[in-house]
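Below is target_10.txt, which holds compact mmCIF, C-alpha atoms.
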# COMPACT_ATOMS: atom_id res chain seq x y z
CA LYS L 181 30.40 -44.48 8.19
CA TYR L 182 32.61 -45.02 11.19
CA GLY L 183 30.89 -48.16 12.46
CA ASN L 184 32.34 -50.21 9.59
CA LEU L 185 35.89 -48.86 9.93
CA LYS L 186 38.39 -51.69 10.28
CA LEU L 187 41.10 -51.44 12.90
CA GLY L 188 43.59 -52.78 10.35
CA PRO L 189 44.21 -52.28 6.62
CA ASP L 190 41.12 -52.63 4.44
CA ASP L 191 42.50 -55.61 2.48
CA GLU L 192 43.94 -57.52 5.46
CA PRO L 193 41.87 -60.35 7.02
CA PRO L 194 41.66 -60.71 10.84
CA GLN L 195 44.78 -62.35 12.28
CA TYR L 196 42.86 -64.19 15.00
CA SER L 197 39.40 -65.67 15.31
CA PHE L 198 36.71 -63.90 17.28
CA VAL L 199 36.95 -66.39 20.17
CA THR L 200 40.74 -66.02 20.39
CA TRP L 201 40.49 -62.23 20.18
CA PHE L 202 37.86 -62.19 22.94
CA SER L 203 40.00 -64.49 25.10
CA MET L 204 42.97 -62.12 24.82
CA LEU L 205 40.72 -59.14 25.49
CA PHE L 206 39.28 -60.84 28.55
CA SER L 207 42.61 -62.07 29.93
CA ALA L 208 44.57 -58.86 29.36
CA GLY L 209 41.74 -56.54 30.33
CA VAL L 210 39.48 -57.53 33.20
CA ALA L 211 40.25 -61.14 34.19
CA VAL L 212 41.71 -60.72 37.69
CA GLY L 213 39.59 -57.71 38.60
CA LEU L 214 36.38 -59.33 37.39
CA PHE L 215 36.97 -62.60 39.24
CA TYR L 216 37.77 -60.70 42.44
CA TYR L 217 35.11 -58.01 42.37
CA SER L 218 32.36 -60.19 40.88
CA VAL L 219 32.08 -61.65 44.38
CA ALA L 220 33.52 -58.91 46.60
CA GLU L 221 31.57 -55.98 45.16
CA PRO L 222 28.02 -57.39 45.43
CA VAL L 223 28.75 -58.50 49.00
CA TRP L 224 30.15 -55.05 49.82
CA HIS L 225 27.02 -53.29 48.53
CA TYR L 226 24.70 -55.87 50.10
CA LYS L 227 26.25 -55.52 53.54
CA GLY L 228 26.48 -51.74 53.30
CA TRP L 229 30.15 -51.58 54.35
CA GLY L 230 31.70 -48.17 53.85
CA GLY L 231 28.30 -46.47 53.52
CA ALA L 232 26.97 -48.24 50.42
CA ARG L 233 23.80 -46.29 49.59
CA TRP L 234 21.75 -49.27 48.42
CA ALA L 235 21.41 -51.01 51.80
CA HIS L 236 17.96 -50.50 53.37
CA SER L 237 19.66 -49.71 56.66
CA VAL L 238 21.11 -46.64 54.91
CA LYS L 239 18.04 -45.72 52.85
CA GLY L 240 15.60 -46.22 55.68
CA TYR L 241 13.29 -48.47 53.67
CA GLY L 242 13.38 -51.74 51.71
CA ASN L 243 14.41 -55.28 52.64
CA ASP L 244 17.22 -57.80 52.22
CA ASN L 245 15.90 -59.08 48.88
CA GLU L 246 15.89 -55.58 47.41
CA ASP L 247 19.38 -54.95 48.82
CA ALA L 248 20.69 -58.07 47.06
CA THR L 249 19.18 -57.07 43.70
CA HIS L 250 20.53 -53.53 43.98
CA ALA L 251 23.96 -54.90 44.90
CA LEU L 252 24.02 -57.01 41.73
CA MET L 253 22.67 -54.10 39.68
CA ILE L 254 25.35 -51.63 40.75
CA THR L 255 28.01 -54.29 40.09
CA TRP L 256 26.62 -54.69 36.58
CA TYR L 257 26.90 -50.94 36.19
CA HIS L 258 30.56 -50.87 37.22
CA TRP L 259 31.45 -53.76 34.90
CA GLY L 260 28.98 -53.07 32.09
CA VAL L 261 28.80 -50.43 29.36
CA HIS L 262 30.36 -47.65 31.43
CA GLY L 263 33.19 -49.89 32.58
CA TRP L 264 34.06 -50.82 29.00
CA ILE L 265 34.01 -47.28 27.59
CA PRO L 266 37.64 -46.50 28.63
CA TYR L 267 38.88 -49.87 27.34
CA THR L 268 37.09 -49.48 24.00
CA THR L 269 38.10 -45.86 23.49
CA MET L 270 41.78 -46.42 24.21
CA GLY L 271 41.99 -49.68 22.25
CA ALA L 272 40.18 -48.33 19.18
CA VAL L 273 42.21 -45.11 18.95
CA LEU L 274 45.52 -46.94 19.53
CA ALA L 275 44.66 -49.54 16.87
CA ILE L 276 43.60 -46.93 14.30
CA MET L 277 46.70 -44.77 14.77
CA SER L 278 49.02 -47.79 14.69
CA HIS L 279 47.52 -50.13 12.09
CA ARG L 280 45.88 -47.59 9.79
CA ARG L 281 48.07 -44.50 10.17
CA GLY L 282 51.39 -46.34 10.55
CA PHE L 283 52.52 -44.82 13.86
CA PRO L 284 54.40 -46.87 16.50
CA MET L 285 52.10 -48.46 19.06
CA THR L 286 52.66 -46.06 21.95
CA ILE L 287 50.16 -43.83 23.71
CA ARG L 288 51.80 -40.57 22.59
CA TYR L 289 50.76 -41.05 18.97
CA ILE L 290 47.04 -41.22 19.72
CA PHE L 291 47.38 -37.49 20.44
CA TRP L 292 48.80 -36.78 16.97
CA PRO L 293 45.56 -35.17 15.69
CA LEU L 294 45.71 -32.79 18.68
CA ILE L 295 49.39 -31.94 19.18
CA GLY L 296 50.99 -33.01 15.89
CA GLU L 297 54.81 -32.80 15.79
CA ARG L 298 54.96 -32.27 19.55
CA CYS L 299 54.48 -36.04 19.88
CA TYR L 300 58.22 -36.27 19.14
CA GLY L 301 59.18 -33.81 21.92
CA TRP L 302 58.94 -33.61 25.67
CA VAL L 303 55.14 -33.57 25.56
CA GLY L 304 55.09 -36.99 23.90
CA ASP L 305 57.70 -38.28 26.34
CA ALA L 306 55.56 -37.08 29.26
CA VAL L 307 52.49 -38.85 27.84
CA ASP L 308 54.38 -42.14 27.46
CA ILE L 309 55.91 -41.90 30.95
CA LEU L 310 52.51 -41.18 32.49
CA SER L 311 50.89 -44.06 30.57
CA ILE L 312 53.57 -46.50 31.70
CA MET L 313 53.25 -45.41 35.33
CA THR L 314 49.47 -45.67 35.38
CA THR L 315 49.64 -49.08 33.69
CA ILE L 316 52.09 -50.31 36.32
CA PHE L 317 49.87 -49.02 39.13
CA GLY L 318 46.83 -50.71 37.63
CA VAL L 319 48.59 -54.02 37.04
CA CYS L 320 50.07 -53.99 40.54
CA THR L 321 46.62 -53.45 42.06
CA SER L 322 45.05 -56.25 40.02
CA LEU L 323 47.97 -58.60 40.68
CA GLY L 324 47.88 -57.86 44.40
CA LEU L 325 44.15 -58.52 44.66
CA GLY L 326 44.52 -61.67 42.58
CA ALA L 327 47.37 -62.94 44.77
CA MET L 328 45.28 -62.41 47.90
CA GLN L 329 42.38 -64.30 46.36
CA VAL L 330 44.57 -67.17 45.14
CA ASN L 331 46.21 -67.37 48.58
CA GLN L 332 42.84 -67.57 50.33
CA GLY L 333 41.64 -70.23 47.90
CA MET L 334 44.79 -72.31 48.38
CA GLN L 335 44.35 -72.17 52.14
CA ARG L 336 40.72 -73.27 51.96
CA LEU L 337 41.62 -76.19 49.68
CA ASP L 338 44.57 -77.16 51.86
CA HIS L 339 42.43 -77.11 55.00
CA GLY L 340 39.50 -78.84 53.30
CA PHE L 341 37.27 -75.96 54.38
CA TYR L 342 33.60 -76.53 53.61
CA ARG L 343 30.59 -74.87 55.19
CA GLY L 344 32.46 -73.56 58.19
CA LYS L 345 34.48 -76.70 58.96
CA ALA L 346 38.10 -77.52 58.07
CA TYR L 347 37.99 -81.26 57.34
CA ASN L 348 41.72 -81.69 56.56
CA VAL L 349 43.01 -80.14 59.78
CA PRO L 350 44.01 -82.80 62.35
CA ALA L 351 41.85 -82.99 65.46
CA ASP L 352 44.72 -81.88 67.69
CA PRO L 353 44.35 -79.12 70.32
CA LYS L 354 47.44 -77.36 68.99
CA TYR L 355 45.62 -76.84 65.68
CA ALA L 356 42.54 -75.28 67.30
CA MET L 357 43.41 -72.07 65.43
CA PRO L 358 44.82 -73.43 62.14
CA THR L 359 44.92 -69.99 60.46
CA CYS L 360 46.77 -68.21 63.26
CA GLY L 361 49.85 -67.81 61.04
CA GLY L 362 48.03 -65.40 58.75
CA THR L 363 48.61 -61.67 58.47
CA GLY L 364 47.40 -59.80 61.54
CA LYS L 365 46.95 -62.97 63.59
CA THR L 366 49.00 -64.46 66.44
CA CYS L 367 49.20 -68.06 67.58
CA LEU L 368 48.43 -68.42 71.28
CA GLU L 369 50.77 -70.36 73.54
CA GLY L 370 50.74 -74.05 72.72
CA MET L 371 49.02 -73.54 69.38
CA GLU L 372 50.40 -73.85 65.86
CA SER L 373 49.25 -72.88 62.40
CA TYR L 374 48.51 -75.63 59.93
CA GLY L 375 49.32 -75.84 56.25
CA ILE L 376 49.11 -72.87 53.88
CA GLN L 377 48.57 -69.49 55.54
CA THR L 378 47.20 -66.22 54.15
CA ASN L 379 50.17 -63.97 54.75
CA VAL L 380 52.51 -61.65 52.90
CA GLY L 381 55.19 -64.32 52.39
CA THR L 382 52.82 -66.69 50.61
CA GLN L 383 51.39 -63.89 48.51
CA ILE L 384 54.86 -62.74 47.44
CA GLY L 385 55.58 -66.29 46.28
CA ILE L 386 52.33 -66.33 44.29
CA ILE L 387 53.18 -62.98 42.68
CA VAL L 388 56.65 -64.26 41.73
CA VAL L 389 55.18 -67.36 40.06
CA ILE L 390 52.53 -65.34 38.20
CA THR L 391 55.13 -62.80 37.08
CA LEU L 392 57.42 -65.56 35.78
CA VAL L 393 54.56 -67.15 33.82
CA ALA L 394 53.58 -63.76 32.38
CA THR L 395 57.22 -63.02 31.47
CA LEU L 396 57.58 -66.36 29.70
CA SER L 397 54.35 -65.67 27.83
CA VAL L 398 55.64 -62.29 26.62
CA ILE L 399 59.07 -63.70 25.67
CA SER L 400 57.40 -66.51 23.70
CA GLY L 401 55.69 -63.95 21.48
CA MET L 402 52.09 -63.24 20.63
CA ASP L 403 51.25 -66.40 18.68
CA ARG L 404 52.88 -68.89 21.06
CA GLY L 405 52.66 -67.27 24.47
CA ILE L 406 49.93 -64.69 24.94
CA VAL L 407 47.42 -66.39 22.63
CA ASN L 408 47.69 -69.83 24.22
CA LEU L 409 47.82 -68.45 27.77
CA SER L 410 44.72 -66.36 27.07
CA ARG L 411 42.88 -69.36 25.64
CA PHE L 412 43.76 -71.46 28.69
CA ASN L 413 42.83 -68.66 31.08
CA PHE L 414 39.49 -68.02 29.37
CA SER L 415 38.68 -71.75 29.21
CA LEU L 416 39.47 -72.15 32.89
CA GLY L 417 37.30 -69.14 33.73
CA MET L 418 34.37 -70.48 31.73
CA ALA L 419 34.76 -73.90 33.38
CA LEU L 420 34.56 -72.22 36.79
CA LEU L 421 31.55 -70.17 35.73
CA LEU L 422 29.67 -73.19 34.37
CA SER L 423 30.56 -75.24 37.45
CA VAL L 424 29.05 -72.62 39.73
CA LEU L 425 26.00 -72.37 37.50
CA PHE L 426 25.21 -76.08 37.11
CA LEU L 427 26.54 -77.49 40.39
CA GLY L 428 24.75 -74.87 42.47
CA GLU L 429 21.27 -73.36 42.42
CA THR L 430 20.94 -73.09 38.63
CA TYR L 431 17.45 -71.60 38.51
CA PHE L 432 18.30 -69.09 41.22
CA CYS L 433 21.43 -67.97 39.35
CA LEU L 434 19.51 -67.53 36.10
CA ASP L 435 16.68 -65.71 37.85
CA ALA L 436 19.15 -63.41 39.61
CA VAL L 437 20.91 -62.59 36.31
CA VAL L 438 17.65 -61.74 34.54
CA GLN L 439 16.35 -59.72 37.49
CA ALA L 440 19.62 -57.79 37.98
CA PHE L 441 19.79 -57.04 34.25
CA GLY L 442 16.29 -55.58 34.36
CA TYR L 443 17.24 -53.35 37.29
CA TYR L 444 20.43 -52.37 35.44
CA LEU L 445 18.41 -51.20 32.41
CA TRP L 446 15.96 -49.34 34.64
CA TYR L 447 18.66 -47.50 36.65
CA PHE L 448 21.08 -47.09 33.72
CA LEU L 449 20.78 -43.31 33.30
CA LYS L 450 20.03 -42.54 36.94
CA VAL L 451 23.17 -44.22 38.26
CA ALA L 452 25.32 -42.92 35.38
CA PHE L 453 24.53 -39.30 36.30
CA GLN L 454 24.78 -39.77 40.08
CA THR L 455 27.41 -37.33 41.43
CA ASP L 456 26.72 -37.38 45.21
CA ALA L 457 25.93 -33.65 45.00
CA PHE L 458 23.91 -33.50 48.23
CA GLU L 459 25.77 -36.30 50.03
CA ARG L 460 28.98 -34.26 49.88
CA LEU L 461 27.33 -31.37 51.70
CA GLY L 462 27.40 -33.39 54.90
CA LYS L 463 24.75 -34.41 57.42
CA SER L 464 21.94 -32.17 58.60
CA ALA L 465 23.43 -32.25 62.11
CA MET L 466 26.29 -30.17 60.76
CA GLY L 467 23.91 -27.36 59.86
CA LEU L 468 24.31 -27.86 56.08
Starting from the file, give its structure as structure tokens.
Amino acid sequence: KYGNLKLGPDDEPPQYSFVTWFSMLFSAGVAVGLFYYSVAEPVWHYKGWGGARWAHSVKGYGNDNEDATHALMITWYHWGVHGWIPYTTMGAVLAIMSHRRGFPMTIRYIFWPLIGERCYGWVGDAVDILSIMTTIFGVCTSLGLGAMQVNQGMQRLDHGFYRGKAYNVPADPKYAMPTCGGTGKTCLEGMESYGIQTNVGTQIGIIVVITLVATLSVISGMDRGIVNLSRFNFSLGMALLLSVLFLGETYFCLDAVVQAFGYYLWYFLKVAFQTDAFERLGKSAMGL
């Protein structure tokens, strides 16, 4: 009954194709976070930084190969079905209340079945204010992580960094530490930084450029700005994905995907219901 419910009027055809819709969903939903954490999160779990429970050094058994598979599996969990539940729930309810019930597209009106006329009062205002604030916090986090990643990539390209060696940096003693101008670093006497640095100033510039592009996209409207920017963004992302797949160890990548997916299915319910009940009691040395 509900599985066939359209998010728009019954007699209205889809405004965009499936590929365009998916591109906008990808670009406006998970693009920056996915590109950042698709690399950072598996490495974090594999290395066991911050007490990741899947490392064999933490469990007391296992090996590096098992750690790598578990790291990919838990990343799949965070970006798989459970990760998409909040997106799907919010998007579906907002679309139904706006396109089928005729309410303005603001978060307050998704609570109409629960609070009714109070959507027009201070309760509705509080819901909208809270939704705007949380959206800003989320966008700022994603934009900040994306700016750091773009900055690091620009530096590596500028320095010609490949397999531990910076090929574009001149063989001059003063450039012995070419990244010394980065955040938290200091150039020693007689040394200078070279080219693009990973620091706050560069990242602010990147954020300004990204914000201007996003603003122009919004001003241009849905059909001219957001749609075309999403298509370009998605195409660029797929080009990067296919480049990594076919220019690297293709069979290894495919094997790792299949193997991690199998582990994801096997641990699906176990990880979903993990609440750290005993971990939060503390260590046995504390008498707990």
- Query: Nearest to Asn331 in chain L: which of L:Glu221, L:Phe432, L:Trp302, L:Thr378 is it, counting only C-alpha atoms?
  - Reply: L:Thr378
- With all atoms listed in the file as the atoms that count, which of L:Gly296, L:Pro189, L:Pro194, L:Gly213 lies nearest to Thr321 in chain L? L:Gly213
- Nearest to Tyr216 in chain L among L:Gly324, L:Leu185, L:Gln195, L:Met334, with distances taken over only C-alpha atoms: which residue is it?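 Of all the options, L:Gly324 lies closest to Tyr216 in chain L.
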- Message: Just the number, please: distance in Å from CA of Ile387 in chain L to CA of Ile287 in chain L, one decimal.
- Response: 27.1 Å
- Identify which of the residues L:Arg411, L:His250, L:Lys239, L:His225 lies closest to Val437 in chain L, counting all atoms listed in the file when measuring atom-to-atom distances.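 Distance minimum relative to Val437 in chain L lands on L:His250.
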- Of the listed residues L:Leu205, L:Leu368, L:Val212, L:Met253, that which approaches Gln439 in chain L most closely, counting only C-alpha atoms: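 Closest residue, counting only C-alpha atoms: L:Met253.
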Using the atoms already present, construct all heavy atoms for range 187-198 of chain L and hand them back as a CSV table (one decimal), keeping the file's coordinate frame.
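What landed in out_26.csv:
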chain,number,residue,atom,x,y,z
L,187,LEU,N,40.0,-51.9,12.1
L,187,LEU,CA,41.1,-51.4,12.9
L,187,LEU,C,42.4,-51.8,12.3
L,187,LEU,O,43.5,-51.5,12.8
L,187,LEU,CB,41.0,-52.1,14.3
L,187,LEU,CG,39.8,-51.7,15.1
L,187,LEU,CD1,39.8,-52.3,16.5
L,187,LEU,CD2,39.7,-50.2,15.2
L,188,GLY,N,42.4,-52.5,11.1
L,188,GLY,CA,43.6,-52.8,10.4
L,188,GLY,C,43.4,-52.3,8.9
L,188,GLY,O,42.4,-51.7,8.6
L,189,PRO,N,44.3,-52.6,8.0
L,189,PRO,CA,44.2,-52.3,6.6
L,189,PRO,C,43.0,-52.9,6.0
L,189,PRO,O,42.5,-54.0,6.4
L,189,PRO,CB,45.5,-52.9,6.0
L,189,PRO,CG,46.5,-52.9,7.1
L,189,PRO,CD,45.7,-53.2,8.3
L,190,ASP,N,42.4,-52.2,5.0
L,190,ASP,CA,41.1,-52.6,4.4
L,190,ASP,C,41.2,-54.0,3.8
L,190,ASP,O,40.2,-54.8,3.8
L,190,ASP,CB,40.7,-51.6,3.4
L,190,ASP,CG,40.3,-50.3,4.0
L,190,ASP,OD1,39.8,-50.3,5.2
L,190,ASP,OD2,40.5,-49.2,3.4
L,191,ASP,N,42.4,-54.4,3.2
L,191,ASP,CA,42.5,-55.6,2.5
L,191,ASP,C,43.1,-56.7,3.3
L,191,ASP,O,43.5,-57.8,2.8
L,191,ASP,CB,43.3,-55.4,1.2
L,191,ASP,CG,44.7,-54.8,1.5
L,191,ASP,OD1,44.9,-54.4,2.7
L,191,ASP,OD2,45.6,-54.8,0.6
L,192,GLU,N,43.3,-56.5,4.6
L,192,GLU,CA,43.9,-57.5,5.5
L,192,GLU,C,42.9,-58.3,6.3
L,192,GLU,O,42.1,-57.6,7.0
L,192,GLU,CB,45.0,-56.9,6.4
L,192,GLU,CG,45.8,-57.9,7.2
L,192,GLU,CD,46.8,-57.2,8.0
L,192,GLU,OE1,47.4,-56.2,7.5
L,192,GLU,OE2,47.1,-57.6,9.2
L,193,PRO,N,42.8,-59.6,6.2
L,193,PRO,CA,41.9,-60.4,7.0
L,193,PRO,C,42.3,-60.4,8.5
L,193,PRO,O,43.4,-60.1,8.8
L,193,PRO,CB,42.0,-61.8,6.4
L,193,PRO,CG,43.3,-61.9,5.9
L,193,PRO,CD,43.7,-60.5,5.4
L,194,PRO,N,41.3,-60.6,9.4
L,194,PRO,CA,41.7,-60.7,10.8
L,194,PRO,C,42.7,-61.8,11.1
L,194,PRO,O,42.7,-62.9,10.5
L,194,PRO,CB,40.3,-61.1,11.5
L,194,PRO,CG,39.3,-60.7,10.5
L,194,PRO,CD,39.9,-60.9,9.2
L,195,GLN,N,43.7,-61.4,12.0
L,195,GLN,CA,44.8,-62.4,12.3
L,195,GLN,C,44.3,-63.5,13.2
L,195,GLN,O,44.9,-64.6,13.2
L,195,GLN,CB,45.9,-61.6,12.9
L,195,GLN,CG,47.2,-62.4,13.1
L,195,GLN,CD,48.4,-61.6,13.6
L,195,GLN,OE1,48.2,-60.3,13.8
L,195,GLN,NE2,49.5,-62.2,13.9
L,196,TYR,N,43.3,-63.2,14.0
L,196,TYR,CA,42.9,-64.2,15.0
L,196,TYR,C,41.3,-64.3,14.9
L,196,TYR,O,40.7,-63.4,14.5
L,196,TYR,CB,43.2,-63.8,16.4
L,196,TYR,CG,44.7,-63.6,16.6
L,196,TYR,CD1,45.3,-62.3,16.7
L,196,TYR,CD2,45.6,-64.7,16.7
L,196,TYR,CE1,46.6,-62.1,16.9
L,196,TYR,CE2,46.9,-64.5,16.9
L,196,TYR,CZ,47.5,-63.2,17.0
L,196,TYR,OH,48.8,-63.0,17.1
L,197,SER,N,40.8,-65.5,15.3
L,197,SER,CA,39.4,-65.7,15.3
L,197,SER,C,38.7,-64.8,16.4
L,197,SER,O,39.4,-64.3,17.3
L,197,SER,CB,39.1,-67.2,15.6
L,197,SER,OG,39.5,-67.5,16.9
L,198,PHE,N,37.4,-64.7,16.3
L,198,PHE,CA,36.7,-63.9,17.3
L,198,PHE,C,36.9,-64.4,18.7
L,198,PHE,O,37.1,-63.7,19.6
L,198,PHE,CB,35.2,-63.8,16.9
L,198,PHE,CG,34.4,-63.1,17.9
L,198,PHE,CD1,34.3,-61.7,17.9
L,198,PHE,CD2,33.6,-63.7,18.9
L,198,PHE,CE1,33.6,-61.0,18.8
L,198,PHE,CE2,32.9,-63.0,19.8
L,198,PHE,CZ,32.9,-61.6,19.7
